[in-house]
>>> print(open('upload.txt').read())   # compact mmCIF, C-alpha atoms and all ligand atoms
# COMPACT_ATOMS: atom_id res chain seq x y z
CA ILE A 20 59.62 244.05 27.17
CA PRO A 21 56.65 244.97 29.39
CA PRO A 22 53.49 243.66 27.69
CA ILE A 23 50.65 246.04 26.85
CA PRO A 24 47.99 245.35 29.51
CA ALA A 25 44.82 243.60 28.30
CA VAL A 26 41.79 245.89 28.05
CA ASP A 27 38.14 244.86 28.03
CA PHE A 28 37.03 247.19 25.23
CA ALA A 29 33.39 246.08 25.65
CA LEU A 30 33.35 248.17 28.84
CA PHE A 31 33.48 251.27 26.64
CA GLY A 32 31.04 250.38 23.82
CA ALA A 33 30.00 247.68 21.36
CA VAL A 34 32.86 245.71 19.73
CA GLU A 35 33.26 242.91 17.18
CA THR A 36 36.25 240.53 17.34
CA LYS A 37 37.68 239.39 13.98
CA PRO A 38 40.35 236.65 13.87
CA LEU A 39 43.59 237.75 12.16
CA ALA A 40 44.47 236.15 8.81
CA ARG A 41 47.42 233.73 8.94
CA ILE A 42 49.62 236.03 6.81
CA ARG A 43 48.94 238.97 9.10
CA LYS A 44 49.95 236.93 12.18
CA LEU A 45 53.16 235.74 10.48
CA SER A 46 54.11 239.22 9.29
CA ALA A 47 53.29 240.71 12.73
CA ALA A 48 55.80 238.35 14.37
CA HIS A 49 58.41 238.98 11.64
CA LEU A 50 58.01 242.78 11.79
CA SER A 51 58.20 242.82 15.61
CA ARG A 52 61.42 240.76 15.51
CA ALA A 53 62.95 243.10 12.93
CA TRP A 54 61.83 246.26 14.76
CA LEU A 55 63.17 245.03 18.11
CA ASN A 56 66.50 243.64 16.85
CA ILE A 57 67.56 246.29 14.34
CA PRO A 58 68.60 249.83 15.27
CA HIS A 59 66.80 251.60 12.42
CA VAL A 60 67.68 254.91 10.78
CA THR A 61 65.70 256.32 7.87
CA GLN A 62 67.34 258.63 5.33
CA THR A 63 65.15 260.47 2.81
CA ILE A 64 65.67 262.20 -0.53
CA ASP A 65 63.57 263.56 -3.40
CA ALA A 66 64.60 261.84 -6.63
CA ASP A 67 63.98 263.87 -9.79
CA ILE A 68 62.18 261.39 -12.05
CA THR A 69 60.96 263.92 -14.64
CA GLU A 70 62.85 262.38 -17.57
CA LEU A 71 62.44 258.82 -16.27
CA GLU A 72 58.65 259.21 -16.14
CA ALA A 73 58.56 260.67 -19.67
CA PHE A 74 60.64 257.69 -20.88
CA ARG A 75 58.45 255.20 -18.97
CA LYS A 76 55.23 256.64 -20.41
CA GLN A 77 56.64 256.58 -23.95
CA GLN A 78 57.86 252.97 -23.60
CA SER A 79 54.60 251.93 -21.97
CA ALA A 80 52.56 253.43 -24.84
CA GLU A 81 54.75 251.64 -27.42
CA LEU A 82 54.36 248.34 -25.56
CA ALA A 83 50.60 248.83 -25.32
CA ALA A 84 50.41 249.60 -29.07
CA SER A 85 52.01 246.23 -29.78
CA GLY A 86 49.65 244.47 -27.35
CA GLY A 87 52.23 244.24 -24.53
CA PRO A 88 51.73 244.86 -20.79
CA LYS A 89 52.15 248.35 -19.30
CA LEU A 90 55.55 249.31 -17.97
CA THR A 91 55.28 250.49 -14.36
CA LEU A 92 57.77 252.36 -12.20
CA LEU A 93 58.52 249.41 -9.90
CA PRO A 94 60.73 247.35 -12.30
CA ILE A 95 62.73 250.45 -13.26
CA LEU A 96 63.24 251.28 -9.58
CA MET A 97 64.27 247.68 -9.00
CA LYS A 98 66.90 247.84 -11.74
CA ALA A 99 68.27 251.12 -10.38
CA VAL A 100 68.37 249.71 -6.83
CA ALA A 101 70.24 246.62 -8.11
CA CYS A 102 72.77 248.89 -9.80
CA ALA A 103 73.20 250.89 -6.56
CA LEU A 104 73.62 247.64 -4.58
CA LYS A 105 76.51 246.69 -6.86
CA ALA A 106 78.19 250.03 -6.14
CA PHE A 107 77.44 249.80 -2.38
CA PRO A 108 77.83 246.07 -1.61
CA GLU A 109 77.33 246.41 2.17
CA PHE A 110 73.66 247.06 1.40
CA ASN A 111 73.65 243.66 -0.37
CA ALA A 112 74.86 241.85 2.73
CA SER A 113 73.56 240.33 5.98
CA LEU A 114 75.01 240.04 9.46
CA SER A 115 76.02 236.48 10.33
CA ALA A 116 73.85 234.86 13.01
CA ASP A 117 76.56 235.40 15.67
CA GLY A 118 76.91 239.05 14.65
CA GLU A 119 80.67 238.55 14.12
CA SER A 120 80.85 238.95 10.35
CA LEU A 121 79.16 240.30 7.28
CA VAL A 122 77.94 237.88 4.62
CA MET A 123 78.51 239.62 1.27
CA LYS A 124 76.17 238.21 -1.39
CA GLN A 125 77.39 237.59 -4.91
CA TYR A 126 73.80 237.58 -6.18
CA CYS A 127 71.07 240.20 -6.16
CA HIS A 128 67.51 239.13 -5.32
CA ILE A 129 65.12 241.98 -4.55
CA GLY A 130 61.76 241.70 -2.77
CA PHE A 131 58.85 244.09 -3.12
CA ALA A 132 56.07 244.62 -0.59
CA ALA A 133 52.70 243.67 -2.03
CA ASP A 134 49.45 244.59 -0.36
CA THR A 135 46.94 241.72 -0.48
CA PRO A 136 43.46 241.25 1.02
CA ASN A 137 45.04 238.97 3.65
CA GLY A 138 47.95 241.27 4.52
CA LEU A 139 51.47 242.14 3.49
CA VAL A 140 53.67 239.72 1.54
CA VAL A 141 57.09 240.25 -0.03
CA PRO A 142 57.65 238.26 -3.24
CA VAL A 143 61.29 238.13 -4.34
CA VAL A 144 62.57 238.70 -7.88
CA ARG A 145 65.75 236.69 -8.41
CA ASP A 146 68.97 237.70 -10.16
CA VAL A 147 68.01 241.31 -10.86
CA TRP A 148 71.57 242.10 -12.03
CA GLY A 149 71.14 239.73 -14.97
CA LYS A 150 67.68 240.89 -16.08
CA GLY A 151 66.43 243.72 -18.29
CA ILE A 152 63.52 246.03 -17.50
CA ALA A 153 61.03 244.11 -19.69
CA GLU A 154 61.81 240.82 -17.93
CA LEU A 155 61.64 242.46 -14.49
CA SER A 156 58.34 244.10 -15.42
CA ALA A 157 56.79 240.77 -16.45
CA GLU A 158 58.08 239.08 -13.27
CA CYS A 159 56.87 241.83 -10.93
CA ALA A 160 53.42 241.74 -12.55
CA ALA A 161 53.21 237.93 -12.34
CA LEU A 162 54.40 237.86 -8.69
CA ALA A 163 52.05 240.72 -7.68
CA LYS A 164 49.13 238.82 -9.24
CA LYS A 165 50.11 235.60 -7.47
CA ALA A 166 50.38 237.57 -4.21
CA ARG A 167 46.90 239.05 -4.62
CA ASP A 168 45.47 235.61 -5.51
CA GLY A 169 47.16 234.04 -2.44
CA LYS A 170 49.15 231.69 -4.70
CA LEU A 171 52.74 232.64 -3.83
CA LYS A 172 54.88 229.64 -2.92
CA PRO A 173 57.13 229.92 0.19
CA ASP A 174 60.24 229.73 -2.05
CA GLU A 175 59.04 232.82 -3.94
CA MET A 176 59.30 234.87 -0.72
CA LYS A 177 62.79 233.70 0.32
CA GLY A 178 66.37 234.73 -0.33
CA GLY A 179 65.90 238.49 -0.74
CA CYS A 180 68.93 240.78 -0.38
CA PHE A 181 67.02 244.08 -0.20
CA SER A 182 63.37 245.15 -0.32
CA ILE A 183 61.32 247.90 -1.95
CA SER A 184 58.06 249.09 -0.45
CA SER A 185 56.16 251.27 -2.92
CA LEU A 186 53.18 253.28 -1.75
CA GLY A 187 53.50 255.52 -4.80
CA GLY A 188 50.24 254.33 -6.32
CA ILE A 189 48.36 255.34 -3.16
CA GLY A 190 49.80 258.67 -1.99
CA GLY A 191 51.37 260.15 1.13
CA GLY A 192 54.88 261.44 1.76
CA TYR A 193 58.00 259.91 3.29
CA PHE A 194 57.62 257.01 5.70
CA THR A 195 59.87 254.80 7.81
CA PRO A 196 59.79 251.26 6.39
CA ILE A 197 60.91 248.44 8.69
CA VAL A 198 64.04 246.61 7.50
CA ASN A 199 63.09 243.12 6.30
CA ALA A 200 65.60 241.15 8.43
CA PRO A 201 68.08 239.55 7.77
CA GLU A 202 68.38 242.15 5.01
CA VAL A 203 70.03 245.43 6.05
CA GLY A 204 68.15 247.95 3.93
CA ILE A 205 64.72 248.73 2.54
CA LEU A 206 63.62 251.50 0.18
CA GLY A 207 60.25 253.18 0.70
CA VAL A 208 58.84 254.87 -2.40
CA SER A 209 56.11 257.50 -2.18
CA LYS A 210 53.95 259.31 -4.68
CA ALA A 211 55.86 261.56 -7.06
CA GLU A 212 54.55 265.11 -7.46
CA ILE A 213 55.50 268.10 -9.57
CA LYS A 214 57.29 270.69 -7.43
CA PRO A 215 59.23 273.87 -8.19
CA VAL A 216 63.00 273.32 -8.23
CA TRP A 217 65.46 276.23 -8.38
CA ASP A 218 67.90 275.82 -11.29
CA GLY A 219 70.08 278.78 -10.31
CA LYS A 220 68.06 281.30 -12.32
CA THR A 221 64.43 280.30 -12.05
CA PHE A 222 62.07 277.70 -10.61
CA GLN A 223 61.43 274.74 -12.90
CA PRO A 224 58.52 272.31 -12.54
CA ARG A 225 60.11 268.91 -11.81
CA LEU A 226 58.57 265.55 -10.93
CA LEU A 227 60.03 264.60 -7.52
CA CYS A 228 59.65 261.16 -6.00
CA PRO A 229 60.10 260.96 -2.20
CA LEU A 230 62.37 258.05 -1.26
CA SER A 231 62.87 256.77 2.30
CA LEU A 232 65.78 254.43 2.93
CA SER A 233 65.73 252.57 6.26
CA TYR A 234 68.88 250.70 7.20
CA ASP A 235 70.42 248.59 9.95
CA HIS A 236 72.82 250.94 11.70
CA ARG A 237 74.81 247.99 13.09
CA VAL A 238 75.95 247.31 9.52
CA ILE A 239 75.56 250.58 7.62
CA ASP A 240 77.04 253.93 8.62
CA GLY A 241 75.04 257.11 8.03
CA ALA A 242 77.57 258.48 5.52
CA TYR A 243 77.46 255.21 3.51
CA ALA A 244 73.64 255.31 3.48
CA ALA A 245 73.60 258.95 2.40
CA ARG A 246 76.04 258.12 -0.44
CA PHE A 247 73.86 255.16 -1.47
CA ILE A 248 70.65 257.19 -1.65
CA VAL A 249 72.35 260.09 -3.47
CA HIS A 250 73.79 257.58 -5.97
CA LEU A 251 70.37 255.94 -6.43
CA SER A 252 68.75 259.32 -6.90
CA ARG A 253 71.32 260.19 -9.64
CA LEU A 254 70.60 256.88 -11.40
CA LEU A 255 66.88 257.67 -11.40
CA ALA A 256 67.45 261.23 -12.58
CA ASP A 257 69.41 259.93 -15.58
CA VAL A 258 68.71 256.27 -16.35
CA ARG A 259 71.46 256.29 -19.02
CA LEU A 260 73.82 255.85 -16.02
CA LEU A 261 72.40 252.33 -15.60
CA LEU A 262 74.29 251.41 -18.78
CA LEU A 263 77.70 252.25 -17.27
N1 LIG B 1 54.58 258.19 -7.89
C1 LIG B 1 53.48 258.53 -8.58
N2 LIG B 1 52.65 257.62 -9.14
C2 LIG B 1 52.98 256.32 -9.01
C3 LIG B 1 54.11 255.89 -8.31
C4 LIG B 1 54.94 256.90 -7.74
N3 LIG B 1 56.03 256.61 -7.03
N4 LIG B 1 54.16 254.54 -8.33
C5 LIG B 1 53.10 254.13 -9.01
N5 LIG B 1 52.37 255.20 -9.41
C6 LIG B 1 51.13 255.19 -10.18
C7 LIG B 1 51.33 254.48 -11.48
O1 LIG B 1 51.81 255.37 -12.49
C8 LIG B 1 49.95 253.94 -11.76
O2 LIG B 1 49.17 254.97 -12.31
P1 LIG B 1 48.24 254.66 -13.60
O3 LIG B 1 47.26 253.63 -13.11
O4 LIG B 1 47.66 256.00 -13.92
O5 LIG B 1 49.16 254.13 -14.65
C9 LIG B 1 49.38 253.66 -10.37
O6 LIG B 1 50.16 254.44 -9.47
C10 LIG B 1 49.45 252.19 -9.98
O7 LIG B 1 50.77 251.83 -10.01
P2 LIG B 1 51.32 250.45 -10.55
O8 LIG B 1 50.30 249.67 -11.29
O9 LIG B 1 52.62 250.79 -11.19
O10 LIG B 1 51.57 249.66 -9.28
P3 LIG B 1 52.91 249.75 -8.46
O11 LIG B 1 54.01 249.22 -9.32
O12 LIG B 1 53.07 251.09 -7.85
O13 LIG B 1 52.63 248.78 -7.29
C11 LIG B 1 52.63 246.90 -5.95
C12 LIG B 1 52.68 247.40 -7.37
C13 LIG B 1 52.59 245.41 -5.92
C14 LIG B 1 53.90 247.42 -5.24
C15 LIG B 1 51.36 247.51 -5.31
O14 LIG B 1 50.23 246.95 -5.89
C16 LIG B 1 51.29 247.36 -3.82
O15 LIG B 1 50.88 246.34 -3.32
N6 LIG B 1 51.65 248.44 -3.11
C17 LIG B 1 51.56 248.49 -1.65
C18 LIG B 1 52.86 248.02 -1.01
C19 LIG B 1 52.76 248.15 0.48
O16 LIG B 1 51.76 247.84 1.09
N7 LIG B 1 53.82 248.66 1.09
C20 LIG B 1 53.83 248.91 2.49
C21 LIG B 1 54.50 247.80 3.16
S1 LIG B 1 54.75 248.16 4.83
O17 LIG B 1 53.30 247.93 5.45
>>> encode(input="upload.txt", output="structure tokens")
Amino acid sequence: IPPIPAVDFALFGAVETKPLARIRKLSAAHLSRAWLNIPHVTQTIDADITELEAFRKQQSAELAASGGPKLTLLPILMKAVACALKAFPEFNASLSADGESLVMKQYCHIGFAADTPNGLVVPVVRDVWGKGIAELSAECAALAKKARDGKLKPDEMKGGCFSISSLGGIGGGYFTPIVNAPEVGILGVSKAEIKPVWDGKTFQPRLLCPLSLSYDHRVIDGAYAARFIVHLSRLLADVRLLLL
């Protein structure tokens, strides 16, 4: 790859040079490797989370009334993603190092991107299939705090099968997350907003959450990815389906 030529920026005005934090240097190398090795495609959808958000707020208020922690969207998304990974196991797989076979994982560990003062880290929640929302919520909160405090252990960032990158608390629309190799898929979550949705007779105000699914096109076909994101969107629209 032709390198970007060095530029003496001081020729054009005053500059200050700040050394990069260690985490930023590590993630820069990792992201470049993933970006250069994986043919990425990003598929988007608007998930209707109107009922889910009403349920989350009600549960969160009940938890708060009994002195518990607040229930955020992330653990619910994680549970729905785990359920979709079970139905679409090629998203819960990795290419073997020689590129000759697909390693299908019989476990489901899901990472989530956490923004920290020193850069991006991806703590991994283990065995999401076997955990309920309350347990996932407590683990996500504990791992996010450890990430912010710079106390994550290397083992807590390993072994992920799939990642979630949520920018929903910040804002902005769809984006194109970079697949966290050797995983083959990553879900970007953006800020949900109320929008008019035609129900066949009239427009209804619905809370729509933009989702962006990037995948490794060497492993995942476009039709499979579209089915995965439609399935995930249905799970989020009616979380009772998670029970099936
Ligand atoms: N739509 C609308 N609002 C949302 C939302 C969504 N999809 N997701 C979260 N929110 C709201 C929450 O309701 C909450 O609002 P209140 O404070 O009024 O309750 C607020 O945003 C904060 O959300 P949260 O506490 O639930 O945090 P989170 O679960 O969204 O995020 C974490 C946790 C660790 C993912 C986040 O702190 C973070 O680091 N995000 C950045 C990740 C990132 O950098 N990704 C890019 C990686 S590629 O460079």
>>> residues_near_ligand(input="upload.txt", ligand="ligand LIG 1 (chain B)", cutoff="7 Å", atoms="only C-alpha atoms and all ligand atoms", output="MDAnalysis selection string")
chainID A and resid 91:93 131:135 139 163 184:189 196 208:212 228
>>> write_last_selection(input="upload.txt", atoms="C-alpha atoms", output="PDB file, in the coordinates of the input")
ATOM      1  CA  THR A  91      55.280 250.490 -14.360  1.00  0.00           C
ATOM      2  CA  LEU A  92      57.770 252.360 -12.200  1.00  0.00           C
ATOM      3  CA  LEU A  93      58.520 249.410  -9.900  1.00  0.00           C
ATOM      4  CA  PHE A 131      58.850 244.090  -3.120  1.00  0.00           C
ATOM      5  CA  ALA A 132      56.070 244.620  -0.590  1.00  0.00           C
ATOM      6  CA  ALA A 133      52.700 243.670  -2.030  1.00  0.00           C
ATOM      7  CA  ASP A 134      49.450 244.590  -0.360  1.00  0.00           C
ATOM      8  CA  THR A 135      46.940 241.720  -0.480  1.00  0.00           C
ATOM      9  CA  LEU A 139      51.470 242.140   3.490  1.00  0.00           C
ATOM     10  CA  ALA A 163      52.050 240.720  -7.680  1.00  0.00           C
ATOM     11  CA  SER A 184      58.060 249.090  -0.450  1.00  0.00           C
ATOM     12  CA  SER A 185      56.160 251.270  -2.920  1.00  0.00           C
ATOM     13  CA  LEU A 186      53.180 253.280  -1.750  1.00  0.00           C
ATOM     14  CA  GLY A 187      53.500 255.520  -4.800  1.00  0.00           C
ATOM     15  CA  GLY A 188      50.240 254.330  -6.320  1.00  0.00           C
ATOM     16  CA  ILE A 189      48.360 255.340  -3.160  1.00  0.00           C
ATOM     17  CA  PRO A 196      59.790 251.260   6.390  1.00  0.00           C
ATOM     18  CA  VAL A 208      58.840 254.870  -2.400  1.00  0.00           C
ATOM     19  CA  SER A 209      56.110 257.500  -2.180  1.00  0.00           C
ATOM     20  CA  LYS A 210      53.950 259.310  -4.680  1.00  0.00           C
ATOM     21  CA  ALA A 211      55.860 261.560  -7.060  1.00  0.00           C
ATOM     22  CA  GLU A 212      54.550 265.110  -7.460  1.00  0.00           C
ATOM     23  CA  CYS A 228      59.650 261.160  -6.000  1.00  0.00           C
TER      24      CYS A 228
END
>>> residues_around(input="upload.txt", residues="Leu260 of chain A", least_positions_apart="6", cutoff="10 Å", atoms="only C-alpha atoms", output="ChimeraX atom specification")
/A:99,102,253-254
>>> closest_residue(input="upload.txt", among="A:Lys220, A:Ala48, A:Leu90, A:Trp54", to="Leu71 of chain A", atoms="only C-alpha atoms")
A:Leu90
>>> closest_residue(input="upload.txt", among="A:Gly219, A:Gly138, A:Pro173, A:Gly190", to="Ala40 of chain A", atoms="all atoms listed in the file")
A:Gly138
>>> atom_distance(input="upload.txt", atom1="atom CA of Ile68 of chain A", atom2="atom CA of Ile95 of chain A")
11.0 Å
>>> residues_around(input="upload.txt", residues="segment 109-126 of chain A", least_positions_apart="2", cutoff="7 Å", atoms="only C-alpha atoms", output="MDAnalysis selection string")
chainID A and resid 104 107 128 146 180:181 201:204
>>> residues_around(input="upload.txt", residues="Pro58 of chain A", least_positions_apart="4", cutoff="7 Å", atoms="all atoms listed in the file", output="number ranges by chain")
A: 235-237
>>> atom_distance(input="upload.txt", atom1="atom CA of Ala101 of chain A", atom2="atom CA of Val147 of chain A")
6.4 Å
>>> atom_distance(input="upload.txt", atom1="atom CA of Val238 of chain A", atom2="atom CA of His59 of chain A")
10.5 Å
>>> residues_near_point(input="upload.txt", point="(61.3, 264.0, -17.6)", cutoff="12 Å", atoms="all atoms listed in the file", output="list in words")
Ala66, Asp67, Ile68, Thr69, Glu70, Leu71, Glu72, Ala73, Phe74, Arg75, Lys76, Gln77, Ile213, Gln223, Pro224, Arg225, Leu226, Leu227, Leu255, Ala256, Asp257 and Val258 of chain A
>>> closest_residue(input="upload.txt", among="A:Gln62, A:Leu261, A:Leu230, A:Gly241", to="Trp148 of chain A", atoms="all atoms listed in the file")
A:Leu261
>>> residues_around(input="upload.txt", residues="His250 of chain A", least_positions_apart="5", cutoff="9 Å", atoms="only C-alpha atoms", output="PyMOL selection string")
chain A and resi 103+106+245+255
>>> closest_residue(input="upload.txt", among="A:Lys177, A:Ile20, A:Val140, A:Ile248", to="Leu55 of chain A", atoms="only C-alpha atoms")
A:Ile20
>>> residues_around(input="upload.txt", residues="Lys172 of chain A", least_positions_apart="5", cutoff="12 Å", atoms="all atoms listed in the file", output="PyMOL selection string")
chain A and resi 140-143+162+165-166+177
>>> closest_residue(input="upload.txt", among="A:Asn137, A:Leu30, A:Leu232, A:Gly191", to="Arg43 of chain A", atoms="all atoms listed in the file")
A:Asn137
